[in-house]
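**Q** Sharing a structure, written as structure tokens. Questions coming.
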Protein chains: 2
Amino acid sequence: MSFVELIDKHSATLKAAVEANAARQYFAHWNESPSKKVYGETAAEEGEAAFKALLHHKFTRLLQTNEISWHGEEESPFGFPLGIHYPLFAVEHLMTKAHNAKMQWQTLSPLERACILIETLEQAGTGKTFFEIAHATMHTSGQSFAMSFQASGPHSFDRALEAIALGYREQAQFAEETTWTKPVGAATITVKKHFHIVPKGVGLVIGCSTFPVWNTLPGLFASLVTGNPVIVKPHPKSVLAIAIVVASMQQTLRDRGIDPHLVQLAPDSSANPLTLELAEHPAVGIIDFTGGAFGDTLENIGRSHGKAVFTEKAGVNGVILESVDNLDAVLDNLAFTLSLYSGQMCTTSQNFFINKHGVREGSAVIPFDDVAQRLAQKIDALMQDPKMSGIAGSIQNATTLDRIQKARELGLEIIRDSQPVVHSGFPHARTASPLLLKARVEDHDIYEREWFGPISFLIPTDGFDHSLHLLLRSLRRKGALTTLVYTIDKAQREQAEHAIIFEGKAPVAFNYVGGIFVNQSSAFSDFHGAGANPAGTASFTDAAFVASRFNMIGAREVVR
Amino acid sequence: MSFVELIDKHSATLKAAVEANAARQYFAHWNESPSKKVYGETAAEEGEAAFKALLHHKFTRLLQTNEISWHGEEESPFGFPLGIHYPLFAVEHLMTKAHNAKMQWQTLSPLERACILIETLEQAGTGKTFFEIAHATMHTSGQSFAMSFQASGPHSFDRALEAIALGYREQAQFAEETTWTKPVGAATITVKKHFHIVPKGVGLVIGCSTFPVWNTLPGLFASLVTGNPVIVKPHPKSVLAIAIVVASMQQTLRDRGIDPHLVQLAPDSSANPLTLELAEHPAVGIIDFTGGAFGDTLENIGRSHGKAVFTEKAGVNGVILESVDNLDAVLDNLAFTLSLYSGQMCTTSQNFFINKHGVREGSAVIPFDDVAQRLAQKIDALMQDPKMSGIAGSIQNATTLDRIQKARELGLEIIRDSQPVVHSGFPHARTASPLLLKARVEDHDIYEREWFGPISFLIPTDGFDHSLHLLLRSLRRKGALTTLVYTIDKAQREQAEHAIIFEGKAPVAFNYVGGIFVNQSSAFSDFHGAGANPAGTASFTDAAFVASRFNMIGAREVVR
């Protein structure tokens, strides 16, 4: 089996992606715009029709057999059941199939694997499928349609390509074969050496309900490109989007003569989750996990069994608001960040450490309470702006509404209450706009927890140093995916950059205004998740994220 | 503080080492020959004199203060006490000093760190110091002088340079700064980004008694080049060689304006070992360990606390002997392998799976017992050859003699008994020549354990497939640093290569004869320790060995 044709077809893409990883500049292989100009006149309609045709049926696209039963429990957060049933499989069956698929896959070269995987992305990354995945994402995660399209389509696929490129580079940096000739006096000793890339084991990727594709593809493709077969266990309430991707990949693999069980879907149910049984299976060598506190359990299981574990767990993201050029621009930016997908992004800010003496704007000082009120008003305006009606999306999980209620009852001052959001066309959508609470510094036990969803705390501090101290304290205890600092003082900026990065071990953004937001993370440029603080061990995509998924093992023979 | 001069001085060396890592061909920055032509007329005498001057004194070269007491327990396996006392330090004191040293070191660029570290190697890697280190190694590890010179001098230093080069490459592959400009409609968004390399924490390197420098430098330099300060805890019975290296590094660092506490020595005593207290300290982010079963404990401690752990533990190295071109040449090679340093290398073969119907040599079949006898005779000849008198060295630890006695009493047939070895000039040397025992296939419980020292088992099997099955069984249970297969059958060779590498996850050598031996491992070419089987998690030097010692964390700011 030769893959010369695919290598010819995709080498340029691979090379461009490798170079983009190094340069960290703007790079996108897939266009993020869901426009007809980009994806064709009919893609949107075809994608939507394909999605609708899946509703209330068994999902039969997977090239996996021997299911033990069928199950489905997905409901659109926009207010209707999907009625789709997925096949459930026995863990041992999945492992056997994965093992068989590994036999061929591990013998291919890194270049072959990379180009075959790019082919799976190209086949799935068409307009029609992107639109289909977008509807599937919208009606499982509750994201707006625009966000669903970008996050699960082009942005996910670029993250996948990023992982392929770095995984390829890390493997291909060493010569596959060499002739080693050592001078020994007047003579020489010659040894022929062949270095094999040996996969770590079966890769297990455990998806989350809010970003079922975006958070799944990096681990999936990092494990695949380094020779490991992968089992994807989606969140039982958010299966469809990744099921469409996996089914498409299986089809492409089969068409190219590869065992489609290289990538398997392992749906389960909320009543009988498969996570632990899969994670503890001795064949599993790598675990990628996105989710909440269960990540701690998985880290312990994985590590104690010598598995490589990459997690993105709960983090508590903080903002310092000290001094600004233009407070209106800052509050516009923050209002958008808090409203986007109702705060259900792992990168959304939760805690705002604000100088209690007020925020400096030029020569003025805006009192804390005024800042708080103006932020609340900005959010009100966003929520009422018909052009921005989709921004909040809907609430993926009803427990988030319970959490909002619990937050309301904390006894803290409510700066802005959460309210339902109107979505035209979806009268039964589960929605909630941002809740803003005022917390005291000493309420550590409250705000140093993750309050997943549209819940934020504004905390008056003694000033910049105090704010930084509180942020660092939280970073050490709970970690974070993002931090954001507003100061126009250069010394404070440098102090914060050094402390947050080297002590807090979290990324930091400064003075964000305009059309870029702290909860955004760009493939090929931003390392997503530092992998260095309590919020998780994964970073998309640094060298450690790919390097521990394979070993280099040599065969050597004397040449006489 | 600028290091332009050192960058100018060492960039070419760094570049050559980076290229050698990729090509895996023969490369040596330091000459392995202890000859006057290479290292000068006086180096040998000066080095020996320097060593002798250290005996029976306090070791005062370290630039560390605040010792709480002095202690020394080293005795030469060649039969005399060294009488050297080392300063002992409190763990908290070491950690504070390491933390302080990190403050400057972590802000240097990877290129600066690499070139400063190469300077420390160049300053220590002179003839005089190599000879001094050689005597120190000989009289702590029991290695022969020639082996001590090569293993602790040029070969160690090349492994250090290898780790520096790969660590540099893994860090420098990403742009340090970039301007990210994204087109958004007709406009653009521009973000300036700075990616910081953040060290994992304090690196702890725990040395072993038999290769006090060779097994210490890779982890030491891998941690240093990636920004981490390091504490080296040597084996209390084998301190001197690495103490000389650390002291020299501290001197060079201080001369260059770097806090010498970047590398600290943490001597301890057999009675009050510091290992656990150091390993469990929260400031320690990385643990490198070489040794025996205690590695399991350290792996558990380290992993459960989220530390990166690299171990080389006990492995059980196997040989398959099936068919050969020239049995004499093969047995010469094996006799040397078993005799070298009396089997006290982690790479020495222990178990020989030999076809019970005999070993094919051309058209002849040599019966098992004849093969065994001829191997025994080859070892006898080596032991009696005055030119080879140093080969066996001496026995580092008296418990190895106990182990030989225990092996004798297993009730297995003794093919060749272990005997004292005469070393001219060292009448009180603790020595032992190889013990060869014949074990039955069913004696798994015996031969699937590591019998550290000159103890080997010859196991008659039903043939090649059976031998391979037994080797794989052992690899899965105990792992190995090396395996060696003799077969002239091409299909068997391919079968063994695939099975040992992909199932056993251990390196394999084929048909070794002549002046190259399975227990040798060459910097820049052989990956030492697969890091993939139960014998350990470290591989000198693959990408995983350096990549998880640092994180990439970004700072970003909108450009308006």
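Every chain in the structure tokens takes a letter, A first, then B, and so on in the order presented; its residues are numbered from 1, and the ligands are numbered from 1 following the presented order.
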Only residues of chain A matter here; which ones have an atom within 8 Å of chain B, counting only C-alpha atoms? Give them as a ChimeraX atom specification.

**A** /A:21-26,170,173-175,178-182,189,196,198,200,300,303-304,497,501-502,505-513,515-516,525-527,530-532,542-544,547-548,551-558

**Q** List the neighbours of range 353-368 of chain A out to 9 Å using only C-alpha atoms; skip same-chain residues closer than 4 positions along the sequence, and give me the result as number ranges by chain.

**A** A: 318-327, 372-373, 441, 457-464, 466-468, 470-471, 487

**Q** May I have the selected residues written with N, CA and C atoms, as a short mmCIF file (atom, residue, chain, number, x, y, z; two decimals), in the first residue's frame?

**A**
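What ended up in out-v9.cif:
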data_model
loop_
_atom_site.label_atom_id
_atom_site.label_comp_id
_atom_site.auth_asym_id
_atom_site.auth_seq_id
_atom_site.Cartn_x
_atom_site.Cartn_y
_atom_site.Cartn_z
N GLY A 318 -9.30 35.21 35.46
CA GLY A 318 -9.36 36.48 36.15
C GLY A 318 -8.98 37.66 35.28
N VAL A 319 -9.51 38.81 35.67
CA VAL A 319 -9.24 40.08 34.99
C VAL A 319 -8.81 41.09 36.04
N ILE A 320 -7.79 41.87 35.71
CA ILE A 320 -7.43 43.01 36.56
C ILE A 320 -7.82 44.27 35.79
N LEU A 321 -8.58 45.13 36.44
CA LEU A 321 -9.01 46.38 35.80
C LEU A 321 -8.49 47.53 36.64
N GLU A 322 -7.45 48.21 36.13
CA GLU A 322 -6.75 49.23 36.92
C GLU A 322 -6.78 50.60 36.24
N SER A 323 -6.30 50.64 35.01
CA SER A 323 -6.30 51.93 34.31
C SER A 323 -6.44 51.67 32.81
N VAL A 324 -7.11 52.63 32.12
CA VAL A 324 -7.46 52.41 30.72
C VAL A 324 -7.33 53.72 29.95
N ASP A 325 -7.23 53.57 28.63
CA ASP A 325 -7.29 54.75 27.77
C ASP A 325 -8.73 55.18 27.56
N ASN A 326 -9.59 54.19 27.40
CA ASN A 326 -10.96 54.47 27.03
C ASN A 326 -11.86 53.42 27.67
N LEU A 327 -12.50 53.83 28.76
CA LEU A 327 -13.26 52.85 29.52
C LEU A 327 -14.43 52.28 28.73
N ALA A 372 -18.96 49.27 37.47
CA ALA A 372 -19.83 48.09 37.52
C ALA A 372 -21.16 48.36 36.81
N GLN A 373 -21.74 49.52 37.10
CA GLN A 373 -23.02 49.83 36.47
C GLN A 373 -22.90 49.97 34.96
N VAL A 441 -13.20 40.83 48.89
CA VAL A 441 -11.90 40.15 48.78
C VAL A 441 -11.89 38.85 49.58
N PHE A 457 -17.90 37.71 39.04
CA PHE A 457 -17.74 38.42 40.31
C PHE A 457 -16.87 39.65 40.11
N LEU A 458 -17.35 40.80 40.57
CA LEU A 458 -16.56 42.03 40.56
C LEU A 458 -16.07 42.24 41.99
N ILE A 459 -14.76 42.31 42.14
CA ILE A 459 -14.15 42.31 43.47
C ILE A 459 -13.34 43.59 43.66
N PRO A 460 -13.79 44.48 44.56
CA PRO A 460 -13.03 45.71 44.81
C PRO A 460 -11.77 45.41 45.62
N THR A 461 -10.63 45.86 45.12
CA THR A 461 -9.35 45.59 45.79
C THR A 461 -8.70 46.89 46.22
N ASP A 462 -7.59 46.76 46.93
CA ASP A 462 -6.89 47.95 47.42
C ASP A 462 -6.07 48.62 46.32
N GLY A 463 -6.02 48.02 45.17
CA GLY A 463 -5.23 48.62 44.09
C GLY A 463 -4.52 47.55 43.29
N PHE A 464 -3.65 47.98 42.40
CA PHE A 464 -3.07 47.06 41.43
C PHE A 464 -2.32 45.90 42.07
N HIS A 466 -2.59 44.62 44.97
CA HIS A 466 -3.54 43.74 45.65
C HIS A 466 -4.29 42.87 44.63
N SER A 467 -4.70 43.50 43.55
CA SER A 467 -5.39 42.75 42.49
C SER A 467 -4.50 41.63 41.96
N LEU A 468 -3.24 41.99 41.71
CA LEU A 468 -2.31 41.00 41.17
C LEU A 468 -2.09 39.87 42.18
N LEU A 470 -4.17 38.81 44.41
CA LEU A 470 -5.37 37.96 44.46
C LEU A 470 -5.47 37.07 43.21
N LEU A 471 -5.11 37.64 42.09
CA LEU A 471 -5.14 36.85 40.86
C LEU A 471 -4.14 35.69 40.95
N THR A 487 -4.02 47.89 32.24
CA THR A 487 -3.24 48.95 32.87
C THR A 487 -2.49 49.70 31.79
#

**Q** Write out as a list in words each polymer residue whose atoms come within 10 Å of Trp70 in chain B, counting only C-alpha atoms; drop sequence neighbours fewer than 6 positions from it.

**A**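 Residues meeting the cut-off are Lys58, Phe59, Ile84, His85, Tyr86, Pro87, Leu88, Phe89, Pro267, Asp268 and Ser269 of chain B.
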
**Q** So which residues touch Thr42 in chain B within 9 Å, counting only C-alpha atoms, skipping near sequence neighbours fewer than 6 positions away, as a VMD selection string?

**A** chain B and resid 36 127 to 128

**Q** Hey, can you spit out that residue selection with C-alpha atoms as a tab-separated table (two decimals), in the first residue's frame?

**A**
chain	number	residue	atom	x	y	z
B	36	LYS	CA	48.68	12.29	25.42
B	127	GLY	CA	42.26	16.62	29.87
B	128	LYS	CA	43.20	17.28	33.47

**Q** So that I can check the surroundings of Val225 in chain B, please list as a PyMOL selection string every protein, DNA and RNA residue that reaches within 8 Å of it, counting only C-alpha atoms and ignoring chain neighbours fewer than 3 positions away.

**A** chain B and resi 110+113-114+117+164+167-168+221-222+228

**Q** I need the residue nearest Thr60 in chain A from this list: A:Leu253, A:Ile395, A:Ala283, A:Ala243. Use only C-alpha atoms for the distance.

**A** A:Ala243

**Q** Write out as a list in words which residues come within 9 Å of Leu375 in chain B when counting only C-alpha atoms, dropping same-chain ones fewer than 3 positions away.

**A**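 Within the cut-off, the hits are Asp328, Leu331, Asp332, Leu334, Ala335, Asp370, Val371, Ala372, Lys378, Ile379, Asp380 and Arg416 of chain B.
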
**Q** List the neighbours of Leu265 in chain A out to 8 Å using only C-alpha atoms; skip same-chain residues closer than 6 positions along the sequence, and give me the result as a PyMOL selection string.

**A** chain A and resi 62+231-234+243+246

**Q** Create the file for the chosen residues now, containing N, CA and C atoms and written as a compact mmCIF listing (two decimals), in the first residue's frame.

**A**
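This went into result-v1.txt:
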# COMPACT_ATOMS: atom_id res chain seq x y z
N LEU A 62 -21.51 5.29 10.96
CA LEU A 62 -20.23 4.74 11.45
C LEU A 62 -19.94 3.39 10.81
N ILE A 231 -9.96 5.99 20.31
CA ILE A 231 -11.37 5.81 20.65
C ILE A 231 -11.87 7.14 21.19
N VAL A 232 -12.91 7.67 20.55
CA VAL A 232 -13.50 8.94 20.97
C VAL A 232 -14.76 8.66 21.77
N LYS A 233 -14.75 9.05 23.03
CA LYS A 233 -15.96 8.90 23.84
C LYS A 233 -16.58 10.28 24.01
N PRO A 234 -17.67 10.53 23.28
CA PRO A 234 -18.27 11.87 23.37
C PRO A 234 -19.11 12.01 24.64
N ALA A 243 -19.73 12.77 16.00
CA ALA A 243 -20.09 11.54 15.29
C ALA A 243 -20.01 11.76 13.78
N VAL A 246 -16.27 11.75 12.91
CA VAL A 246 -15.67 10.41 12.99
C VAL A 246 -16.16 9.54 11.82

**Q** Enumerate as a ChimeraX atom specification all residues of range 252-365 of chain B assigned to alpha helix (DSSP H) by DSSP on the backbone, naming them with the chain letters and numbers the document uses.

**A** /B:252-255,275-280,294-304,327-339

**Q** Output N, CA and C atoms for every residue in that selection, as an mmCIF file, in the first residue's frame.

**A**
data_model
loop_
_atom_site.group_PDB
_atom_site.id
_atom_site.type_symbol
_atom_site.label_atom_id
_atom_site.label_comp_id
_atom_site.auth_asym_id
_atom_site.auth_seq_id
_atom_site.Cartn_x
_atom_site.Cartn_y
_atom_site.Cartn_z
ATOM 1 N N THR B 252 32.345 27.991 36.686
ATOM 2 C CA THR B 252 32.140 28.624 35.378
ATOM 3 C C THR B 252 30.936 29.551 35.398
ATOM 4 N N LEU B 253 29.860 29.102 36.025
ATOM 5 C CA LEU B 253 28.659 29.940 36.097
ATOM 6 C C LEU B 253 28.971 31.246 36.825
ATOM 7 N N ARG B 254 29.643 31.144 37.959
ATOM 8 C CA ARG B 254 29.957 32.349 38.706
ATOM 9 C C ARG B 254 30.845 33.284 37.890
ATOM 10 N N ASP B 255 31.820 32.687 37.207
ATOM 11 C CA ASP B 255 32.721 33.514 36.392
ATOM 12 C C ASP B 255 31.957 34.268 35.306
ATOM 13 N N THR B 275 16.453 11.426 49.552
ATOM 14 C CA THR B 275 15.730 11.262 48.292
ATOM 15 C C THR B 275 14.253 11.595 48.395
ATOM 16 N N LEU B 276 13.579 11.001 49.368
ATOM 17 C CA LEU B 276 12.130 11.205 49.455
ATOM 18 C C LEU B 276 11.779 12.646 49.788
ATOM 19 N N GLU B 277 12.514 13.212 50.744
ATOM 20 C CA GLU B 277 12.218 14.591 51.142
ATOM 21 C C GLU B 277 12.403 15.543 49.960
ATOM 22 N N LEU B 278 13.450 15.295 49.184
ATOM 23 C CA LEU B 278 13.662 16.117 47.993
ATOM 24 C C LEU B 278 12.561 15.884 46.965
ATOM 25 N N ALA B 279 12.270 14.634 46.692
ATOM 26 C CA ALA B 279 11.324 14.306 45.618
ATOM 27 C C ALA B 279 9.923 14.823 45.930
ATOM 28 N N GLU B 280 9.565 14.788 47.216
ATOM 29 C CA GLU B 280 8.211 15.198 47.597
ATOM 30 C C GLU B 280 8.077 16.714 47.739
ATOM 31 N N PHE B 294 13.528 1.335 43.665
ATOM 32 C CA PHE B 294 13.029 2.557 44.278
ATOM 33 C C PHE B 294 12.445 3.504 43.230
ATOM 34 N N GLY B 295 12.853 3.289 41.982
ATOM 35 C CA GLY B 295 12.298 4.094 40.902
ATOM 36 C C GLY B 295 10.786 3.999 40.823
ATOM 37 N N ASP B 296 10.221 2.835 41.150
ATOM 38 C CA ASP B 296 8.761 2.707 41.136
ATOM 39 C C ASP B 296 8.136 3.682 42.131
ATOM 40 N N THR B 297 8.710 3.732 43.326
ATOM 41 C CA THR B 297 8.209 4.660 44.347
ATOM 42 C C THR B 297 8.274 6.097 43.849
ATOM 43 N N LEU B 298 9.424 6.445 43.263
ATOM 44 C CA LEU B 298 9.572 7.819 42.782
ATOM 45 C C LEU B 298 8.606 8.117 41.638
ATOM 46 N N GLU B 299 8.391 7.138 40.757
ATOM 47 C CA GLU B 299 7.425 7.356 39.683
ATOM 48 C C GLU B 299 6.048 7.652 40.273
ATOM 49 N N ASN B 300 5.675 6.897 41.294
ATOM 50 C CA ASN B 300 4.361 7.109 41.907
ATOM 51 C C ASN B 300 4.265 8.468 42.585
ATOM 52 N N ILE B 301 5.292 8.801 43.359
ATOM 53 C CA ILE B 301 5.305 10.106 44.031
ATOM 54 C C ILE B 301 5.219 11.225 43.004
ATOM 55 N N GLY B 302 6.104 11.125 42.045
ATOM 56 C CA GLY B 302 6.196 12.207 41.074
ATOM 57 C C GLY B 302 4.914 12.371 40.297
ATOM 58 N N ARG B 303 4.402 11.257 39.790
ATOM 59 C CA ARG B 303 3.201 11.349 38.956
ATOM 60 C C ARG B 303 2.017 11.856 39.749
ATOM 61 N N SER B 304 1.873 11.362 40.988
ATOM 62 C CA SER B 304 0.683 11.753 41.750
ATOM 63 C C SER B 304 0.738 13.241 42.098
ATOM 64 N N LEU B 327 30.332 -18.954 15.065
ATOM 65 C CA LEU B 327 30.018 -19.031 16.490
ATOM 66 C C LEU B 327 31.148 -18.490 17.356
ATOM 67 N N ASP B 328 32.373 -18.713 16.930
ATOM 68 C CA ASP B 328 33.502 -18.189 17.712
ATOM 69 C C ASP B 328 33.432 -16.675 17.842
ATOM 70 N N ALA B 329 33.169 -16.028 16.724
ATOM 71 C CA ALA B 329 33.090 -14.565 16.747
ATOM 72 C C ALA B 329 31.949 -14.108 17.649
ATOM 73 N N VAL B 330 30.847 -14.827 17.597
ATOM 74 C CA VAL B 330 29.688 -14.469 18.430
ATOM 75 C C VAL B 330 30.033 -14.643 19.911
ATOM 76 N N LEU B 331 30.653 -15.772 20.244
ATOM 77 C CA LEU B 331 30.945 -16.031 21.657
ATOM 78 C C LEU B 331 32.035 -15.094 22.178
ATOM 79 N N ASP B 332 32.965 -14.707 21.309
ATOM 80 C CA ASP B 332 33.940 -13.680 21.704
ATOM 81 C C ASP B 332 33.210 -12.396 22.105
ATOM 82 N N ASN B 333 32.248 -12.026 21.276
ATOM 83 C CA ASN B 333 31.504 -10.797 21.531
ATOM 84 C C ASN B 333 30.720 -10.890 22.847
ATOM 85 N N LEU B 334 30.050 -12.035 23.024
ATOM 86 C CA LEU B 334 29.229 -12.192 24.238
ATOM 87 C C LEU B 334 30.093 -12.275 25.487
ATOM 88 N N ALA B 335 31.228 -12.956 25.384
ATOM 89 C CA ALA B 335 32.115 -13.061 26.546
ATOM 90 C C ALA B 335 32.586 -11.679 26.980
ATOM 91 N N PHE B 336 32.885 -10.855 26.007
ATOM 92 C CA PHE B 336 33.313 -9.485 26.339
ATOM 93 C C PHE B 336 32.173 -8.715 27.005
ATOM 94 N N THR B 337 30.981 -8.813 26.410
ATOM 95 C CA THR B 337 29.807 -8.124 26.959
ATOM 96 C C THR B 337 29.575 -8.512 28.417
ATOM 97 N N LEU B 338 29.678 -9.812 28.712
ATOM 98 C CA LEU B 338 29.404 -10.274 30.080
ATOM 99 C C LEU B 338 30.519 -9.884 31.048
ATOM 100 N N SER B 339 31.733 -9.786 30.534
ATOM 101 C CA SER B 339 32.876 -9.515 31.420
ATOM 102 C C SER B 339 33.046 -8.034 31.706
#

**Q** At what distance in Å, to one decimal, does CA of Glu122 in chain B lie from CA of Leu161 in chain B?

**A**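 Pair CA of Leu161 in chain B / CA of Glu122 in chain B returns 10.2 Å.
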